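Peer 1: Okay, so here is input-v2.txt, and as you'll see once you scroll down, it has compact mmCIF, C-alpha atoms.
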```
# COMPACT_ATOMS: atom_id res chain seq x y z
CA ASP A 30 83.11 94.32 125.54
CA ASP A 31 86.36 92.79 124.42
CA PRO A 32 88.50 92.36 127.60
CA ARG A 33 91.74 92.35 125.62
CA PRO A 34 93.81 95.57 125.72
CA ARG A 35 93.45 97.92 122.81
CA SER A 36 96.33 98.45 120.40
CA ASP A 37 96.88 101.95 121.80
CA GLU A 38 97.46 100.63 125.35
CA HIS A 39 101.08 99.88 126.30
CA PRO A 40 101.35 98.38 129.79
CA ALA A 41 104.80 98.54 131.37
CA GLN A 42 106.62 95.23 131.41
CA ILE A 43 109.52 93.71 133.28
CA ARG A 44 111.69 91.65 130.97
CA PHE A 45 114.66 89.37 131.26
CA VAL A 46 116.30 88.92 127.88
CA GLU A 47 119.23 86.73 126.91
CA ILE A 48 120.58 86.67 123.37
CA GLN A 49 122.80 83.71 122.65
CA GLU A 50 124.14 84.82 119.27
CA GLN A 51 124.93 88.44 118.67
CA PRO A 52 127.96 88.77 116.39
CA ASP A 53 127.77 92.53 116.08
CA ALA A 54 128.74 94.99 118.77
CA VAL A 55 126.32 95.54 121.61
CA GLU A 56 124.57 98.76 122.53
CA PHE A 57 123.96 98.83 126.26
CA THR A 58 120.79 100.11 127.87
CA ASP A 59 121.94 100.59 131.47
CA ASP A 60 125.23 101.04 133.29
CA GLU A 61 124.52 98.29 135.76
CA GLU A 62 124.46 95.74 132.96
CA ARG A 63 127.81 96.94 131.59
CA ARG A 64 129.73 95.20 134.37
CA PHE A 65 130.08 92.20 132.05
CA ARG A 66 130.68 94.37 129.01
CA ALA A 67 133.91 92.74 127.82
CA HIS A 68 132.39 89.27 128.05
CA ASP A 69 129.17 90.40 126.38
CA LEU A 70 130.95 91.96 123.41
CA ALA A 71 133.07 88.86 122.95
CA GLY A 72 130.42 86.24 123.61
CA GLY A 73 127.29 87.92 122.31
CA ARG A 74 125.41 87.84 125.62
CA VAL A 75 123.13 90.74 126.46
CA LEU A 76 121.32 91.04 129.76
CA VAL A 77 118.39 93.40 130.21
CA ASP A 78 117.57 93.32 133.90
CA ASP A 79 114.42 94.76 135.44
CA LEU A 80 114.22 97.64 132.94
CA ALA A 81 111.15 98.16 130.83
CA CYS A 82 112.48 101.16 128.96
CA GLU A 83 113.61 99.53 125.71
CA GLY A 84 110.89 99.69 123.10
CA ARG A 85 108.44 101.37 125.46
CA PRO A 86 106.28 104.12 123.95
CA GLU A 87 106.72 107.72 125.01
CA HIS A 88 105.18 108.95 128.28
CA GLU A 89 105.24 105.40 129.68
CA HIS A 90 106.65 104.37 133.02
CA ALA A 91 107.84 101.26 134.83
CA ARG A 92 108.43 100.30 138.42
CA GLY A 93 109.70 97.33 140.34
CA THR A 94 111.02 95.83 143.55
CA ARG A 95 114.09 93.74 144.39
CA VAL A 96 114.45 91.91 147.67
CA ARG A 97 117.56 89.88 148.46
CA LEU A 98 118.06 87.83 151.63
CA ARG A 99 121.51 86.32 152.05
CA ALA A 100 123.23 84.32 154.77
CA GLU A 101 126.99 84.62 155.12
CA GLY A 102 129.51 82.75 157.18
CA THR A 103 133.25 83.33 157.24
CA ASP A 104 136.11 81.46 158.85
CA LEU A 105 139.24 83.41 157.99
CA LYS A 106 142.42 81.74 159.24
CA GLY A 107 145.88 83.24 159.19
CA TYR A 108 149.26 81.83 160.03
CA LYS A 109 148.55 82.18 163.74
CA ALA A 110 145.76 80.74 165.81
CA THR A 111 144.90 84.24 167.01
CA ASP A 112 144.17 85.29 163.39
CA ARG A 113 141.04 83.17 163.20
CA LEU A 114 137.83 85.06 162.67
CA MET A 115 134.40 83.43 162.62
CA GLN A 116 131.27 85.39 161.71
CA ASP A 117 127.74 84.36 160.77
CA PHE A 118 124.99 86.81 159.85
CA PHE A 119 121.95 87.42 157.65
CA LEU A 120 121.80 90.35 155.22
CA LEU A 121 118.66 91.90 153.76
CA ARG A 122 118.62 94.34 150.85
CA THR A 123 115.44 95.90 149.47
CA ARG A 124 115.27 98.14 146.43
CA LEU A 125 112.28 100.06 145.08
CA TRP A 126 112.66 101.76 141.74
CA GLY A 127 110.60 103.73 139.27
CA GLU A 128 111.40 104.86 135.77
CA ALA A 129 109.59 107.17 133.37
CA GLU A 130 110.05 108.56 129.89
CA PRO A 131 108.26 111.91 129.92
CA GLY A 132 109.40 112.70 126.38
CA ARG A 133 111.20 111.26 123.43
CA GLY A 134 114.79 110.44 124.33
CA LEU A 135 114.34 111.53 127.96
CA LYS A 136 114.46 109.09 130.89
CA VAL A 137 114.10 109.68 134.61
CA ARG A 138 114.95 107.02 137.18
CA LEU A 139 114.51 106.99 140.96
CA GLU A 140 115.65 104.11 143.16
CA VAL A 141 115.75 103.83 146.95
CA GLN A 142 117.51 101.11 148.89
CA ASP A 143 117.29 99.73 152.40
CA SER A 144 120.29 97.67 153.50
CA ARG A 145 120.55 96.04 156.92
CA THR A 146 121.95 93.17 158.96
CA PHE A 147 119.58 91.10 161.07
CA GLY A 148 120.12 92.00 164.70
CA GLY A 149 122.26 94.97 163.77
CA GLU A 150 120.14 97.58 165.53
CA ALA A 151 120.82 98.35 169.17
CA SER A 152 117.17 97.91 170.17
CA VAL A 153 113.68 97.75 168.75
CA THR A 154 113.35 101.53 169.15
CA SER A 155 116.65 102.52 167.52
CA ASN A 156 116.93 104.01 164.04
CA GLU A 157 120.08 103.07 162.15
CA LYS A 158 119.12 105.10 159.05
CA ASN A 159 119.58 102.22 156.60
CA LEU A 160 117.44 103.84 153.88
CA ASP A 161 119.30 105.71 151.14
CA LEU A 162 118.86 106.99 147.61
CA ARG A 163 120.70 104.52 145.41
CA GLN A 164 119.96 106.12 142.03
CA GLY A 165 118.26 109.30 140.97
CA PHE A 166 119.16 110.66 137.56
CA VAL A 167 117.97 112.22 134.35
CA GLU A 168 119.24 110.83 131.05
CA VAL A 169 119.02 112.36 127.60
CA LYS A 170 119.35 109.87 124.78
CA ASP A 171 120.89 110.71 121.38
CA LEU A 172 121.99 114.20 122.36
CA PHE A 173 121.74 116.60 119.39
CA GLU A 174 120.63 113.58 117.31
CA LYS A 175 124.05 111.98 117.74
CA PRO A 176 124.88 108.55 119.24
CA VAL A 177 125.74 110.22 122.56
CA ASP A 178 123.81 109.99 125.82
CA LEU A 179 124.03 112.42 128.75
CA LYS A 180 123.29 111.30 132.30
CA ALA A 181 123.33 113.51 135.41
CA GLY A 182 122.50 112.83 139.05
CA ARG A 183 123.25 109.76 141.17
CA PHE A 184 123.87 106.59 139.20
CA ALA A 185 125.84 103.34 139.13
CA MET A 186 128.84 102.81 136.86
CA ALA A 187 130.53 99.59 135.80
CA PHE A 188 133.40 99.30 133.34
CA GLY A 189 135.03 96.14 132.04
CA ASP A 190 135.04 93.36 134.63
CA GLU A 191 134.71 95.92 137.45
CA ARG A 192 138.23 95.53 138.75
CA LEU A 193 138.68 99.30 138.75
CA VAL A 194 135.18 100.80 138.57
CA GLY A 195 132.09 98.76 139.36
CA ALA A 196 128.62 98.78 140.85
CA LEU A 197 129.82 96.49 143.68
CA ASP A 198 126.51 94.69 143.47
CA TRP A 199 127.75 91.64 145.34
CA SER A 200 127.87 93.70 148.53
CA ASN A 201 124.78 94.50 150.54
CA THR A 202 124.95 98.22 149.77
CA GLY A 203 126.42 98.48 146.27
CA ARG A 204 128.19 101.57 144.96
CA HIS A 205 126.87 104.69 143.25
CA PHE A 206 128.30 108.01 142.13
CA ASP A 207 127.08 111.62 142.10
CA GLY A 208 127.99 113.45 138.92
CA ALA A 209 127.53 113.49 135.15
CA LYS A 210 128.51 111.18 132.30
CA LEU A 211 128.66 111.34 128.52
CA ALA A 212 128.40 107.98 126.77
CA GLY A 213 129.21 107.62 123.08
CA ARG A 214 128.76 104.47 121.04
CA GLY A 215 129.48 103.06 117.63
CA LYS A 216 129.20 99.77 115.80
CA SER A 217 132.28 98.27 117.43
CA TRP A 218 133.19 100.71 120.20
CA ASN A 219 131.85 102.70 123.12
CA ALA A 220 133.35 105.41 125.32
CA ASP A 221 132.34 107.06 128.59
CA LEU A 222 133.56 110.42 129.83
CA PHE A 223 132.53 111.14 133.42
CA TRP A 224 133.05 113.40 136.43
CA THR A 225 131.81 112.53 139.92
CA LEU A 226 131.90 113.94 143.42
CA VAL A 227 133.03 111.32 145.94
CA ARG A 228 133.09 113.43 149.10
CA GLU A 229 131.39 116.78 149.55
CA VAL A 230 132.20 119.14 152.41
CA SER A 231 131.67 122.84 153.07
CA ASP A 232 135.19 123.70 151.90
CA PHE A 233 135.60 123.02 148.17
CA ASN A 234 139.35 122.55 148.60
CA ASP A 235 138.71 119.51 150.82
CA GLU A 236 136.32 117.73 148.47
CA ASN A 237 137.17 114.48 146.68
CA HIS A 238 136.55 114.08 142.95
CA PHE A 239 136.78 111.12 140.59
CA TRP A 240 136.78 111.52 136.81
CA GLY A 241 138.07 109.86 133.69
CA LEU A 242 137.56 108.33 130.27
CA TYR A 243 136.87 104.64 129.67
CA SER A 244 136.53 103.18 126.18
CA SER A 245 136.19 99.70 124.70
CA VAL A 246 136.92 98.61 121.14
CA LYS A 247 136.09 95.32 119.47
CA PRO A 248 138.60 95.10 116.60
CA PHE A 249 137.51 91.58 115.61
CA SER A 250 135.38 88.74 116.87
CA ASP A 251 135.96 87.42 120.42
CA HIS A 252 138.45 90.17 121.31
CA VAL A 253 137.87 93.42 123.20
CA LEU A 254 140.42 96.10 124.01
CA ASP A 255 139.87 98.56 126.85
CA PHE A 256 141.57 101.95 127.01
CA TYR A 257 141.09 104.19 130.01
CA SER A 258 142.39 107.10 132.02
CA LEU A 259 141.10 107.42 135.58
CA MET A 260 141.94 110.20 138.04
CA ARG A 261 141.12 110.79 141.70
CA ASP A 262 141.61 114.04 143.60
CA PHE A 263 141.84 113.45 147.37
CA ASN A 264 142.68 117.05 148.29
CA ASP A 265 144.70 115.90 151.30
```
Before we go any further, please render this structure as structure tokens.

Peer 2:
Amino acid sequence: DDPRPRSDEHPAQIRFVEIQEQPDAVEFTDDEERRFRAHDLAGGRVLVDDLACEGRPEHEHARGTRVRLRAEGTDLKGYKATDRLMQDFFLLRTRLWGEAEPGRGLKVRLEVQDSRTFGGEASVTSNEKNLDLRQGFVEVKDLFEKPVDLKAGRFAMAFGDERLVGALDWSNTGRHFDGAKLAGRGKSWNADLFWTLVREVSDFNDENHFWGLYSSVKPFSDHVLDFYSLMRDFND
């Protein structure tokens, strides 16, 4: 028998893609990769991280693991000798994710994360509860056959250079949001309308919400304009 896979078999793949020349506007495949959106639109650089969704046949799935070990040392000095602060520690972050497309235009993603500091637990029998759900969402592509995507659940968001809203991926825990988002796109623009719940308590009047509209336009080559309106309700 021929050991090569048949043409009707589509194994999931993990791909890292970099496009050096992309003069037209970019359509993004995942919010985590949009943290460099302004630079990508201007410079033509597209990053597809550990996602195998693009170009994958229907009913396919993908999965993966990320492990990051990092050593940090700080020596923060102020104007006084008493302001000095010296810290050295090791950080470990582990992420397990799975993604499936049960139907045309429908994507489901589940990602768990364990974040810890070496020696951070009180003893070998303690449980610091470092495991958390980082992402868990359902996304509908091309809603009503329009260039609009709907995402609901827990997900990461990154706009512009992340000065205002970002995935905070440089930290050991990152940042994610619970809510829903509509993402529209065109040849030289994209826009995101979102609503998220930042803090949930038993009394609705004490909850914190974050919502807004963020859009980017590329009027001509090497220039991107961002327009946004962001609102936060602290209920305090």

Peer 1: Closest to Ala91 in chain A among A:Trp218, A:Trp126, A:Phe184, A:Trp240, using all atoms listed in the file?

Peer 2: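 Using all atoms listed in the file, Ala91 in chain A sits closest to A:Trp126.
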
Peer 1: Which residue, A:Ala129, A:Leu226, A:Phe239, A:Phe147, has the smallest gap to Arg99 in chain A when you use all atoms listed in the file?

Peer 2: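 Residue with the minimum atom-to-atom distance to Arg99 in chain A: A:Phe147.
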
Peer 1: Do you have the CA of Gly127 in chain A-CA of His90 in chain A distance handy?

Peer 2: 7.4 Å

Peer 1: Between A:Gly203, A:Gly189, A:Gly182, A:Gly165, which is the closest to Ser244 in chain A once you count only C-alpha atoms?

Peer 2: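 Of A:Gly203, A:Gly189, A:Gly182, A:Gly165, the one nearest Ser244 in chain A, counting only C-alpha atoms, is A:Gly189.
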
Peer 1: What separation in Å, quoted to one decimal, exists between CA of Arg192 in chain A and CA of Asp117 in chain A?

Peer 2: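 Those two atoms sit 26.8 Å apart.
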
Peer 1: For CA of Ala196 in chain A and CA of Gly149 in chain A, quote the distance in Å rounded to one decimal.

Peer 2: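 Pair CA of Ala196 in chain A / CA of Gly149 in chain A returns 24.1 Å.
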
Peer 1: For range 130-140 of chain A, list every protein, DNA or RNA residue within 9 Å, evaluated using all atoms listed in the file, and leave out those in the same chain fewer than 2 positions away; present the list as a list in words.

Peer 2: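 Once the adjacent positions are removed, what remains is Cys82, Arg85, Pro86, Glu87, His88, Glu89, His90, Arg124, Leu125, Trp126, Gly127, Glu128, Gln142, Asp161, Leu162, Arg163, Gln164, Gly165, Phe166, Val167, Glu168, Val169, Lys170, Asp171 and Leu172 of chain A.
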
Peer 1: Between A:Thr202, A:Ser217, A:Asn234, A:Asn264, which residue has the minimum interatomic distance to Pro248 in chain A, considering only C-alpha atoms?

Peer 2: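 Nearest candidate to Pro248 in chain A out of A:Thr202, A:Ser217, A:Asn234, A:Asn264: A:Ser217.
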
Peer 1: For range 152-213 of chain A versus range 249-261 of chain A, which residues have an atom no more than 10 Å away, and what is each residue's nearest atom pair and distance in Å rounded to one decimal, using all atoms listed in the file, chain-then-number order, as a tab-separated table?

Peer 2:
```
residue	atom	partner	partner_atom	distance
A:Phe188	CA	A:Asp255	CA	9.2
A:Gly189	CA	A:Asp255	CA	7.5
A:Leu193	CA	A:Leu259	CA	9.0
A:Val194	CA	A:Leu259	CA	9.4
```

Peer 1: Which is closer to Lys175 in chain A than all the others in A:Ala187, A:Leu211, A:Leu160, A:Leu98, using only C-alpha atoms?

Peer 2: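 Nearest candidate to Lys175 in chain A out of A:Ala187, A:Leu211, A:Leu160, A:Leu98: A:Leu211.
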